[in-house]
>>> print(open('model03.cif').read())   # mmCIF, C-alpha atoms
data_my_file
#
loop_
_atom_site.group_PDB
_atom_site.id
_atom_site.type_symbol
_atom_site.label_atom_id
_atom_site.label_comp_id
_atom_site.auth_asym_id
_atom_site.auth_seq_id
_atom_site.Cartn_x
_atom_site.Cartn_y
_atom_site.Cartn_z
ATOM 1 C CA MET B 22 -48.320 27.914 111.159
ATOM 2 C CA GLU B 23 -48.436 28.217 114.933
ATOM 3 C CA LYS B 24 -46.170 25.880 116.871
ATOM 4 C CA THR B 25 -47.392 24.264 120.058
ATOM 5 C CA SER B 26 -46.050 21.589 122.345
ATOM 6 C CA PRO B 27 -48.079 18.825 124.019
ATOM 7 C CA PRO B 28 -50.260 19.926 126.946
ATOM 8 C CA LEU B 29 -48.498 20.101 130.297
ATOM 9 C CA LEU B 30 -50.113 18.932 133.491
ATOM 10 C CA GLY B 31 -49.188 21.517 136.070
ATOM 11 C CA CYS B 32 -46.278 23.912 135.518
ATOM 12 C CA ASN B 33 -43.012 22.024 135.112
ATOM 13 C CA LYS B 34 -40.853 24.763 133.609
ATOM 14 C CA PRO B 35 -39.620 27.948 135.291
ATOM 15 C CA HIS B 36 -40.886 30.288 132.549
ATOM 16 C CA LEU B 37 -44.352 28.712 132.704
ATOM 17 C CA GLU B 38 -44.358 29.066 136.475
ATOM 18 C CA LYS B 39 -43.530 32.735 135.987
ATOM 19 C CA LEU B 40 -46.119 33.123 133.242
ATOM 20 C CA THR B 41 -48.929 31.707 135.358
ATOM 21 C CA LEU B 42 -47.889 33.602 138.530
ATOM 22 C CA GLY B 43 -47.855 30.313 140.452
ATOM 23 C CA VAL B 44 -51.585 29.744 139.988
ATOM 24 C CA THR B 45 -51.080 26.082 139.012
ATOM 25 C CA ARG B 46 -49.731 25.222 142.468
ATOM 26 C CA ILE B 47 -52.710 26.871 144.118
ATOM 27 C CA LEU B 48 -55.208 25.109 141.881
ATOM 28 C CA GLU B 49 -53.566 21.712 142.244
ATOM 29 C CA SER B 50 -53.650 22.004 146.042
ATOM 30 C CA SER B 51 -57.329 23.016 146.100
ATOM 31 C CA PRO B 52 -59.873 20.326 147.089
ATOM 32 C CA GLY B 53 -61.848 19.036 144.116
ATOM 33 C CA VAL B 54 -59.648 20.635 141.450
ATOM 34 C CA THR B 55 -58.166 18.234 138.911
ATOM 35 C CA GLU B 56 -56.440 18.181 135.515
ATOM 36 C CA VAL B 57 -54.751 21.579 135.571
ATOM 37 C CA THR B 58 -53.450 21.752 132.005
ATOM 38 C CA ILE B 59 -51.387 24.282 130.071
ATOM 39 C CA LEU B 60 -51.021 24.151 126.310
ATOM 40 C CA GLU B 61 -47.422 25.248 125.967
ATOM 41 C CA LYS B 62 -46.766 27.575 123.021
ATOM 42 C CA VAL B 63 -43.428 28.600 121.597
ATOM 43 C CA PRO B 64 -42.468 32.290 121.802
ATOM 44 C CA ALA B 65 -43.364 34.488 118.869
ATOM 45 C CA GLU B 66 -40.570 35.811 116.698
ATOM 46 C CA ARG B 67 -40.067 39.554 116.434
ATOM 47 C CA HIS B 68 -40.800 39.580 112.718
ATOM 48 C CA MET B 69 -44.288 38.190 113.480
ATOM 49 C CA ILE B 70 -45.000 41.218 115.653
ATOM 50 C CA SER B 71 -43.603 43.602 113.027
ATOM 51 C CA SER B 72 -45.724 41.961 110.339
ATOM 52 C CA TRP B 73 -48.842 42.313 112.490
ATOM 53 C CA GLU B 74 -48.100 46.002 113.082
ATOM 54 C CA GLN B 75 -47.534 46.693 109.383
ATOM 55 C CA LYS B 76 -50.601 44.743 108.284
ATOM 56 C CA ASN B 77 -52.910 46.496 110.745
ATOM 57 C CA ASN B 78 -51.191 49.924 110.799
ATOM 58 C CA CYS B 79 -51.122 49.676 114.599
ATOM 59 C CA MET B 80 -48.212 49.755 117.035
ATOM 60 C CA MET B 81 -48.516 46.914 119.537
ATOM 61 C CA PRO B 82 -48.246 47.928 123.228
ATOM 62 C CA GLU B 83 -44.870 47.064 124.729
ATOM 63 C CA ASP B 84 -46.279 44.811 127.456
ATOM 64 C CA LEU B 85 -48.259 42.810 124.881
ATOM 65 C CA LYS B 86 -45.115 42.482 122.754
ATOM 66 C CA ASN B 87 -43.234 41.133 125.767
ATOM 67 C CA PHE B 88 -46.020 38.643 126.402
ATOM 68 C CA TYR B 89 -45.901 37.299 122.832
ATOM 69 C CA LEU B 90 -42.102 37.106 122.969
ATOM 70 C CA MET B 91 -42.571 34.807 125.968
ATOM 71 C CA THR B 92 -45.440 32.752 124.522
ATOM 72 C CA ASN B 93 -47.431 33.133 121.305
ATOM 73 C CA GLY B 94 -50.795 32.952 123.017
ATOM 74 C CA PHE B 95 -51.949 31.299 126.208
ATOM 75 C CA HIS B 96 -54.367 28.497 127.010
ATOM 76 C CA MET B 97 -54.795 26.999 130.487
ATOM 77 C CA THR B 98 -57.708 24.899 131.741
ATOM 78 C CA TRP B 99 -58.721 23.156 134.930
ATOM 79 C CA ASN B 100 -61.542 20.856 135.955
ATOM 80 C CA VAL B 101 -63.400 19.986 139.126
ATOM 81 C CA LYS B 102 -64.474 16.555 140.333
ATOM 82 C CA LEU B 103 -68.055 16.216 141.563
ATOM 83 C CA ASP B 104 -68.990 12.743 142.788
ATOM 84 C CA ASP B 105 -67.760 10.495 139.964
ATOM 85 C CA HIS B 106 -67.867 13.172 137.288
ATOM 86 C CA THR B 107 -65.125 15.503 136.042
ATOM 87 C CA ILE B 108 -66.473 18.880 134.922
ATOM 88 C CA PRO B 109 -64.492 21.488 132.928
ATOM 89 C CA LEU B 110 -64.599 24.819 134.762
ATOM 90 C CA GLY B 111 -61.730 27.289 134.367
ATOM 91 C CA ILE B 112 -60.380 28.530 131.030
ATOM 92 C CA MET B 113 -57.679 31.189 130.757
ATOM 93 C CA ALA B 114 -56.894 32.166 127.171
ATOM 94 C CA ILE B 115 -55.156 34.839 125.109
ATOM 95 C CA ASN B 116 -55.273 34.630 121.327
ATOM 96 C CA SER B 117 -52.057 34.055 119.403
ATOM 97 C CA ILE B 118 -50.799 36.803 117.099
ATOM 98 C CA SER B 119 -52.370 35.146 114.071
ATOM 99 C CA LYS B 120 -55.747 35.171 115.846
ATOM 100 C CA LEU B 121 -55.396 38.735 117.124
ATOM 101 C CA THR B 122 -57.773 39.856 114.408
ATOM 102 C CA GLN B 123 -59.778 43.018 113.964
ATOM 103 C CA LEU B 124 -63.382 42.881 115.079
ATOM 104 C CA ASN B 125 -65.857 43.286 112.259
ATOM 105 C CA GLN B 126 -69.451 42.493 111.418
ATOM 106 C CA SER B 127 -68.671 38.929 110.290
ATOM 107 C CA SER B 128 -67.104 38.081 113.645
ATOM 108 C CA MET B 129 -70.028 39.332 115.699
ATOM 109 C CA TYR B 130 -73.177 37.547 116.839
ATOM 110 C CA SER B 131 -74.932 37.909 113.496
ATOM 111 C CA LEU B 132 -78.527 36.881 112.962
ATOM 112 C CA PRO B 133 -80.871 37.413 109.993
ATOM 113 C CA ASN B 134 -81.993 41.071 109.839
ATOM 114 C CA ALA B 135 -79.740 41.901 112.785
ATOM 115 C CA PRO B 136 -78.523 45.505 113.068
ATOM 116 C CA THR B 137 -75.100 46.302 111.659
ATOM 117 C CA LEU B 138 -72.285 47.618 113.820
ATOM 118 C CA ALA B 139 -72.876 51.051 112.302
ATOM 119 C CA ASP B 140 -76.511 50.933 113.466
ATOM 120 C CA LEU B 141 -75.337 50.269 117.003
ATOM 121 C CA GLU B 142 -73.379 53.534 117.111
ATOM 122 C CA ASP B 143 -76.605 55.438 117.810
ATOM 123 C CA ASP B 144 -77.043 53.446 121.034
ATOM 124 C CA ILE B 145 -73.558 54.075 122.431
ATOM 125 C CA HIS B 146 -73.468 56.525 125.318
ATOM 126 C CA GLU B 147 -70.526 58.825 125.731
ATOM 127 C CA ALA B 148 -68.279 58.711 128.761
ATOM 128 C CA GLY B 149 -69.472 59.935 132.115
ATOM 129 C CA GLU B 150 -67.384 61.833 134.620
ATOM 130 C CA ASP B 151 -65.955 58.648 136.119
ATOM 131 C CA GLN B 152 -65.962 56.468 132.990
ATOM 132 C CA PRO B 153 -63.704 56.548 129.916
ATOM 133 C CA GLU B 154 -65.256 57.041 126.508
ATOM 134 C CA LYS B 155 -66.553 53.762 125.134
ATOM 135 C CA PRO B 156 -65.114 52.265 121.936
ATOM 136 C CA HIS B 157 -66.794 52.927 118.616
ATOM 137 C CA PHE B 158 -67.577 50.327 115.981
ATOM 138 C CA ASP B 159 -66.668 52.757 113.195
ATOM 139 C CA SER B 160 -63.266 54.113 112.152
ATOM 140 C CA ARG B 161 -62.888 56.132 115.352
ATOM 141 C CA SER B 162 -61.678 52.975 117.131
ATOM 142 C CA VAL B 163 -59.670 49.952 116.037
ATOM 143 C CA ILE B 164 -60.654 46.785 117.917
ATOM 144 C CA PHE B 165 -58.905 43.407 118.138
ATOM 145 C CA GLU B 166 -60.151 40.259 119.872
ATOM 146 C CA LEU B 167 -57.921 38.941 122.671
ATOM 147 C CA ASP B 168 -60.310 36.275 123.965
ATOM 148 C CA SER B 169 -63.692 34.958 122.818
ATOM 149 C CA CYS B 170 -64.611 34.114 126.449
ATOM 150 C CA SER B 171 -66.135 30.752 125.452
ATOM 151 C CA GLY B 172 -69.017 32.564 123.765
ATOM 152 C CA ASN B 173 -69.871 34.736 126.794
ATOM 153 C CA GLY B 174 -68.586 37.925 125.167
ATOM 154 C CA LYS B 175 -65.263 39.209 123.870
ATOM 155 C CA VAL B 176 -62.248 40.745 125.569
ATOM 156 C CA CYS B 177 -60.780 43.289 123.185
ATOM 157 C CA LEU B 178 -57.651 45.339 122.685
ATOM 158 C CA VAL B 179 -58.993 48.753 121.697
ATOM 159 C CA TYR B 180 -57.109 51.571 119.996
ATOM 160 C CA LYS B 181 -59.083 54.678 120.857
ATOM 161 C CA THR B 182 -57.858 57.054 118.122
ATOM 162 C CA GLY B 183 -58.235 55.088 114.880
ATOM 163 C CA LYS B 184 -55.426 54.500 112.382
ATOM 164 C CA PRO B 185 -52.517 54.943 112.353
ATOM 165 C CA ALA B 186 -52.806 53.606 115.886
ATOM 166 C CA LEU B 187 -50.268 54.288 118.622
ATOM 167 C CA ALA B 188 -49.367 51.855 121.404
ATOM 168 C CA GLN B 189 -50.113 54.365 124.169
ATOM 169 C CA ASP B 190 -53.702 54.796 122.940
ATOM 170 C CA THR B 191 -54.812 51.270 123.890
ATOM 171 C CA GLU B 192 -57.211 49.993 126.540
ATOM 172 C CA ILE B 193 -58.740 46.606 127.330
ATOM 173 C CA TRP B 194 -62.537 46.379 127.148
ATOM 174 C CA PHE B 195 -65.149 43.652 127.516
ATOM 175 C CA LEU B 196 -67.903 43.444 124.902
ATOM 176 C CA ASP B 197 -70.837 41.496 126.327
ATOM 177 C CA ARG B 198 -73.294 39.347 124.384
ATOM 178 C CA ALA B 199 -75.700 42.276 124.090
ATOM 179 C CA LEU B 200 -72.886 44.283 122.412
ATOM 180 C CA TYR B 201 -72.435 46.715 125.296
ATOM 181 C CA TRP B 202 -68.923 47.829 126.234
ATOM 182 C CA HIS B 203 -67.425 47.582 129.740
ATOM 183 C CA PHE B 204 -64.014 48.997 130.663
ATOM 184 C CA LEU B 205 -61.562 46.491 132.170
ATOM 185 C CA THR B 206 -58.054 47.984 132.336
ATOM 186 C CA ASP B 207 -55.806 50.514 130.645
ATOM 187 C CA THR B 208 -52.938 48.042 130.022
ATOM 188 C CA PHE B 209 -52.574 44.449 128.893
ATOM 189 C CA THR B 210 -50.464 43.593 131.960
ATOM 190 C CA ALA B 211 -53.231 44.753 134.289
ATOM 191 C CA TYR B 212 -55.753 42.697 132.321
ATOM 192 C CA TYR B 213 -53.562 39.588 132.451
ATOM 193 C CA ARG B 214 -53.383 39.906 136.237
ATOM 194 C CA LEU B 215 -57.179 40.083 136.345
ATOM 195 C CA LEU B 216 -57.421 36.954 134.192
ATOM 196 C CA ILE B 217 -55.112 35.004 136.512
ATOM 197 C CA THR B 218 -56.713 36.411 139.662
ATOM 198 C CA HIS B 219 -60.161 35.260 138.544
ATOM 199 C CA LEU B 220 -58.786 31.816 137.568
ATOM 200 C CA GLY B 221 -60.602 31.845 134.243
ATOM 201 C CA LEU B 222 -63.896 31.121 135.981
ATOM 202 C CA PRO B 223 -66.950 31.251 133.692
ATOM 203 C CA GLN B 224 -68.232 34.768 133.015
ATOM 204 C CA TRP B 225 -65.764 36.409 135.412
ATOM 205 C CA GLN B 226 -65.644 39.451 133.115
ATOM 206 C CA TYR B 227 -69.243 40.234 134.099
ATOM 207 C CA ALA B 228 -67.964 41.269 137.526
ATOM 208 C CA PHE B 229 -67.003 44.495 135.725
ATOM 209 C CA THR B 230 -70.507 45.140 134.420
ATOM 210 C CA SER B 231 -73.463 46.740 136.176
ATOM 211 C CA TYR B 232 -75.353 43.432 136.216
ATOM 212 C CA GLY B 233 -72.511 41.310 137.603
ATOM 213 C CA ILE B 234 -71.813 37.579 137.483
ATOM 214 C CA SER B 235 -74.774 35.228 137.405
ATOM 215 C CA PRO B 236 -75.347 33.203 140.610
ATOM 216 C CA GLN B 237 -74.610 29.980 138.703
ATOM 217 C CA ALA B 238 -71.119 31.241 137.840
ATOM 218 C CA LYS B 239 -69.903 31.986 141.387
ATOM 219 C CA PRO B 240 -67.911 28.985 142.649
ATOM 220 C CA LYS B 241 -65.579 29.650 145.572
ATOM 221 C CA ARG B 242 -62.120 30.816 144.541
ATOM 222 C CA PRO B 243 -59.088 28.920 145.986
ATOM 223 C CA GLU B 244 -57.132 30.976 148.503
ATOM 224 C CA GLY B 245 -53.551 32.169 148.265
ATOM 225 C CA LEU B 246 -53.556 33.395 144.663
ATOM 226 C CA SER B 247 -50.571 35.560 143.726
ATOM 227 C CA LYS B 248 -51.377 38.943 142.226
ATOM 228 C CA GLN B 249 -47.845 39.899 141.178
ATOM 229 C CA GLY B 250 -47.007 40.842 137.602
ATOM 230 C CA CYS B 251 -44.727 38.765 135.402
ATOM 231 C CA PHE B 252 -43.646 40.857 132.421
#
>>> encode(input="model03.cif", output="structure tokens")
Amino acid sequence: MEKTSPPLLGCNKPHLEKLTLGVTRILESSPGVTEVTILEKVPAERHMISSWEQKNNCMMPEDLKNFYLMTNGFHMTWNVKLDDHTIPLGIMAINSISKLTQLNQSSMYSLPNAPTLADLEDDIHEAGEDQPEKPHFDSRSVIFELDSCSGNGKVCLVYKTGKPALAQDTEIWFLDRALYWHFLTDTFTAYYRLLITHLGLPQWQYAFTSYGISPQAKPKRPEGLSKQGCF
């Protein structure tokens, strides 16, 4: 069972300050922002990582291991106050090890008579000159969900060479609601910096697609955000 502590308002501990790259201070000092909350999670134990690797026949990237040894998952939210109403806005989340599960047909946006993941392979275009090869839904790739993006898509840890999967063969991709792939970063650390930089704003991952973020999801970002790495 996963162990969590009560939610923290702000960042009262040095390791949480380091984990969030100081973003809580910036949010709390921004006009209209309220209820900056972190659900503190205990660090994962090394045997949990080893068990995950053995179960999935995949070696976890070193930076992701270091993240889980600091905190077994991540969940931070913040709200905004408009007139007399408090509205949830930002959500920054990384699944715990137990929820770092392989993507399959049952976890997709299934509808009656919907195409299977295998059917979608015919629609996947190969890499262009300036784009890496997209993940495959068959055995050529092994895909794990890092974040469900509040139903706006899925951020995934992708092993590009199938099983047995090596740590150096991973990339981070965004799978949108139409089941198209969009490259984000080649390391988990780089992705985590993107997550913090974009403050968990709704649909921020769509900034890395050809169609971009919807106009309704473009609130002004607070200034002064740190972009330094933490692990």
>>> resolve_selection(input="model03.cif", expression="the PyMOL selection byres ((chain B and resi 159-162) around 6)", output="PyMOL selection string")
chain B and resi 156-158+163+180-183
>>> resolve_selection(input="model03.cif", expression="the PyMOL selection byres ((chain B and resi 88) around 12)", output="mmCIF file with C-alpha atoms, in the coordinates of the input")
data_model
loop_
_atom_site.group_PDB
_atom_site.id
_atom_site.type_symbol
_atom_site.label_atom_id
_atom_site.label_comp_id
_atom_site.auth_asym_id
_atom_site.auth_seq_id
_atom_site.Cartn_x
_atom_site.Cartn_y
_atom_site.Cartn_z
ATOM 1 C CA HIS B 36 -40.886 30.288 132.549
ATOM 2 C CA LEU B 37 -44.352 28.712 132.704
ATOM 3 C CA LYS B 39 -43.530 32.735 135.987
ATOM 4 C CA LEU B 40 -46.119 33.123 133.242
ATOM 5 C CA THR B 41 -48.929 31.707 135.358
ATOM 6 C CA LYS B 62 -46.766 27.575 123.021
ATOM 7 C CA VAL B 63 -43.428 28.600 121.597
ATOM 8 C CA PRO B 64 -42.468 32.290 121.802
ATOM 9 C CA ALA B 65 -43.364 34.488 118.869
ATOM 10 C CA GLU B 66 -40.570 35.811 116.698
ATOM 11 C CA ARG B 67 -40.067 39.554 116.434
ATOM 12 C CA ILE B 70 -45.000 41.218 115.653
ATOM 13 C CA MET B 81 -48.516 46.914 119.537
ATOM 14 C CA PRO B 82 -48.246 47.928 123.228
ATOM 15 C CA GLU B 83 -44.870 47.064 124.729
ATOM 16 C CA ASP B 84 -46.279 44.811 127.456
ATOM 17 C CA LEU B 85 -48.259 42.810 124.881
ATOM 18 C CA LYS B 86 -45.115 42.482 122.754
ATOM 19 C CA ASN B 87 -43.234 41.133 125.767
ATOM 20 C CA TYR B 89 -45.901 37.299 122.832
ATOM 21 C CA LEU B 90 -42.102 37.106 122.969
ATOM 22 C CA MET B 91 -42.571 34.807 125.968
ATOM 23 C CA THR B 92 -45.440 32.752 124.522
ATOM 24 C CA ASN B 93 -47.431 33.133 121.305
ATOM 25 C CA GLY B 94 -50.795 32.952 123.017
ATOM 26 C CA PHE B 95 -51.949 31.299 126.208
ATOM 27 C CA ILE B 115 -55.156 34.839 125.109
ATOM 28 C CA ASN B 116 -55.273 34.630 121.327
ATOM 29 C CA SER B 117 -52.057 34.055 119.403
ATOM 30 C CA ILE B 118 -50.799 36.803 117.099
ATOM 31 C CA PHE B 209 -52.574 44.449 128.893
ATOM 32 C CA THR B 210 -50.464 43.593 131.960
ATOM 33 C CA TYR B 213 -53.562 39.588 132.451
ATOM 34 C CA GLY B 250 -47.007 40.842 137.602
ATOM 35 C CA CYS B 251 -44.727 38.765 135.402
ATOM 36 C CA PHE B 252 -43.646 40.857 132.421
#
>>> closest_residue(input="model03.cif", among="B:Thr218, B:Gln152, B:Ser231, B:Thr191", to="Leu48 (chain B)", atoms="all atoms listed in the file")
B:Thr218
>>> residues_near_point(input="model03.cif", point="(-49.5, 51.2, 119.1)", cutoff="7 Å", atoms="only C-alpha atoms", output="list of chain:residue names")
B:Cys79, B:Met80, B:Met81, B:Pro82, B:Ala186, B:Leu187, B:Ala188, B:Gln189, B:Asp190
>>> closest_residue(input="model03.cif", among="B:Phe195, B:Phe165, B:Tyr201, B:Trp225", to="Leu124 (chain B)", atoms="all atoms listed in the file")
B:Phe165
>>> atom_distance(input="model03.cif", atom1="CA of Lys76 (chain B)", atom2="CA of Ile164 (chain B)")
14.1 Å
>>> residues_around(input="model03.cif", residues="Glu192 (chain B)", least_positions_apart="4", cutoff="7 Å", atoms="only C-alpha atoms", output="list in words")
Leu178, Val179, Tyr180, Thr206, Asp207 and Thr208 of chain B
>>> atom_distance(input="model03.cif", atom1="CA of Glu61 (chain B)", atom2="CA of Trp73 (chain B)")
21.8 Å
>>> atom_distance(input="model03.cif", atom1="CA of Leu110 (chain B)", atom2="CA of Val54 (chain B)")
9.3 Å
>>> closest_residue(input="model03.cif", among="B:Arg198, B:His219, B:Lys175, B:Lys184", to="Leu121 (chain B)", atoms="all atoms listed in the file")
B:Lys175
>>> residues_around(input="model03.cif", residues="Trp202 (chain B)", least_positions_apart="4", cutoff="9 Å", atoms="only C-alpha atoms", output="short mmCIF file (atom, residue, chain, number, x, y, z; two decimals) with C-alpha atoms, in the coordinates of the input")
data_model
loop_
_atom_site.label_atom_id
_atom_site.label_comp_id
_atom_site.auth_asym_id
_atom_site.auth_seq_id
_atom_site.Cartn_x
_atom_site.Cartn_y
_atom_site.Cartn_z
CA ILE B 145 -73.56 54.08 122.43
CA LYS B 155 -66.55 53.76 125.13
CA PRO B 156 -65.11 52.26 121.94
CA TRP B 194 -62.54 46.38 127.15
CA PHE B 195 -65.15 43.65 127.52
CA LEU B 196 -67.90 43.44 124.90
CA ASP B 197 -70.84 41.50 126.33
CA THR B 230 -70.51 45.14 134.42
#
>>> resolve_selection(input="model03.cif", expression="the PyMOL selection byres ((chain B and resi 168) around 8)", output="list in words")
Ala114, Ile115, Asn116, Glu166, Leu167, Ser169, Cys170, Lys175, Val176 and Cys177 of chain B
>>> residues_around(input="model03.cif", residues="Ile217 (chain B)", least_positions_apart="6", cutoff="8 Å", atoms="only C-alpha atoms", output="PDB file with C-alpha atoms, in the coordinates of the input")
ATOM      1  CA  THR B  41     -48.929  31.707 135.358  1.00  0.00           C
ATOM      2  CA  LEU B  42     -47.889  33.602 138.530  1.00  0.00           C
ATOM      3  CA  VAL B  44     -51.585  29.744 139.988  1.00  0.00           C
ATOM      4  CA  MET B 113     -57.679  31.189 130.757  1.00  0.00           C
ATOM      5  CA  LYS B 248     -51.377  38.943 142.226  1.00  0.00           C
TER       6      LYS B 248
END
>>> axis_aligned_box(input="model03.cif", around="region 74-88 of chain B", padding_each_side="4 Å", output="AutoDock Vina command-line options")
--center_x -48.1 --center_y 44.3 --center_z 117.9 --size_x 17.7 --size_y 19.3 --size_z 27.2
>>> closest_residue(input="model03.cif", among="B:Gly53, B:Arg214, B:Gly233, B:Asn125", to="Leu103 (chain B)", atoms="all atoms listed in the file")
B:Gly53
>>> decode(input="model03.cif", residues="region 103-124 of chain B", atoms="C-alpha atoms", output="PDB file, in the first residue's frame")
ATOM      1  CA  LEU B 103     -12.295  34.855  -9.200  1.00  0.00           C
ATOM      2  CA  ASP B 104     -14.734  37.211  -7.485  1.00  0.00           C
ATOM      3  CA  ASP B 105     -16.076  35.090  -4.615  1.00  0.00           C
ATOM      4  CA  HIS B 106     -15.328  31.753  -6.240  1.00  0.00           C
ATOM      5  CA  THR B 107     -12.279  29.494  -5.908  1.00  0.00           C
ATOM      6  CA  ILE B 108     -11.531  27.568  -9.103  1.00  0.00           C
ATOM      7  CA  PRO B 109      -9.095  24.619  -9.375  1.00  0.00           C
ATOM      8  CA  LEU B 110      -6.572  25.323 -12.133  1.00  0.00           C
ATOM      9  CA  GLY B 111      -3.087  23.806 -11.940  1.00  0.00           C
ATOM     10  CA  ILE B 112      -2.359  20.101 -11.448  1.00  0.00           C
ATOM     11  CA  MET B 113       1.158  18.661 -11.524  1.00  0.00           C
ATOM     12  CA  ALA B 114       1.237  14.879 -11.183  1.00  0.00           C
ATOM     13  CA  ILE B 115       3.515  11.878 -11.655  1.00  0.00           C
ATOM     14  CA  ASN B 116       2.149   8.399 -11.031  1.00  0.00           C
ATOM     15  CA  SER B 117       3.554   6.343  -8.172  1.00  0.00           C
ATOM     16  CA  ILE B 118       5.454   3.154  -8.986  1.00  0.00           C
ATOM     17  CA  SER B 119       2.371   1.026  -8.397  1.00  0.00           C
ATOM     18  CA  LYS B 120       0.466   3.134 -10.943  1.00  0.00           C
ATOM     19  CA  LEU B 121       3.296   3.182 -13.481  1.00  0.00           C
ATOM     20  CA  THR B 122       1.425   0.590 -15.497  1.00  0.00           C
ATOM     21  CA  GLN B 123       1.767  -0.547 -19.075  1.00  0.00           C
ATOM     22  CA  LEU B 124      -0.603   1.021 -21.560  1.00  0.00           C
TER      23      LEU B 124
END
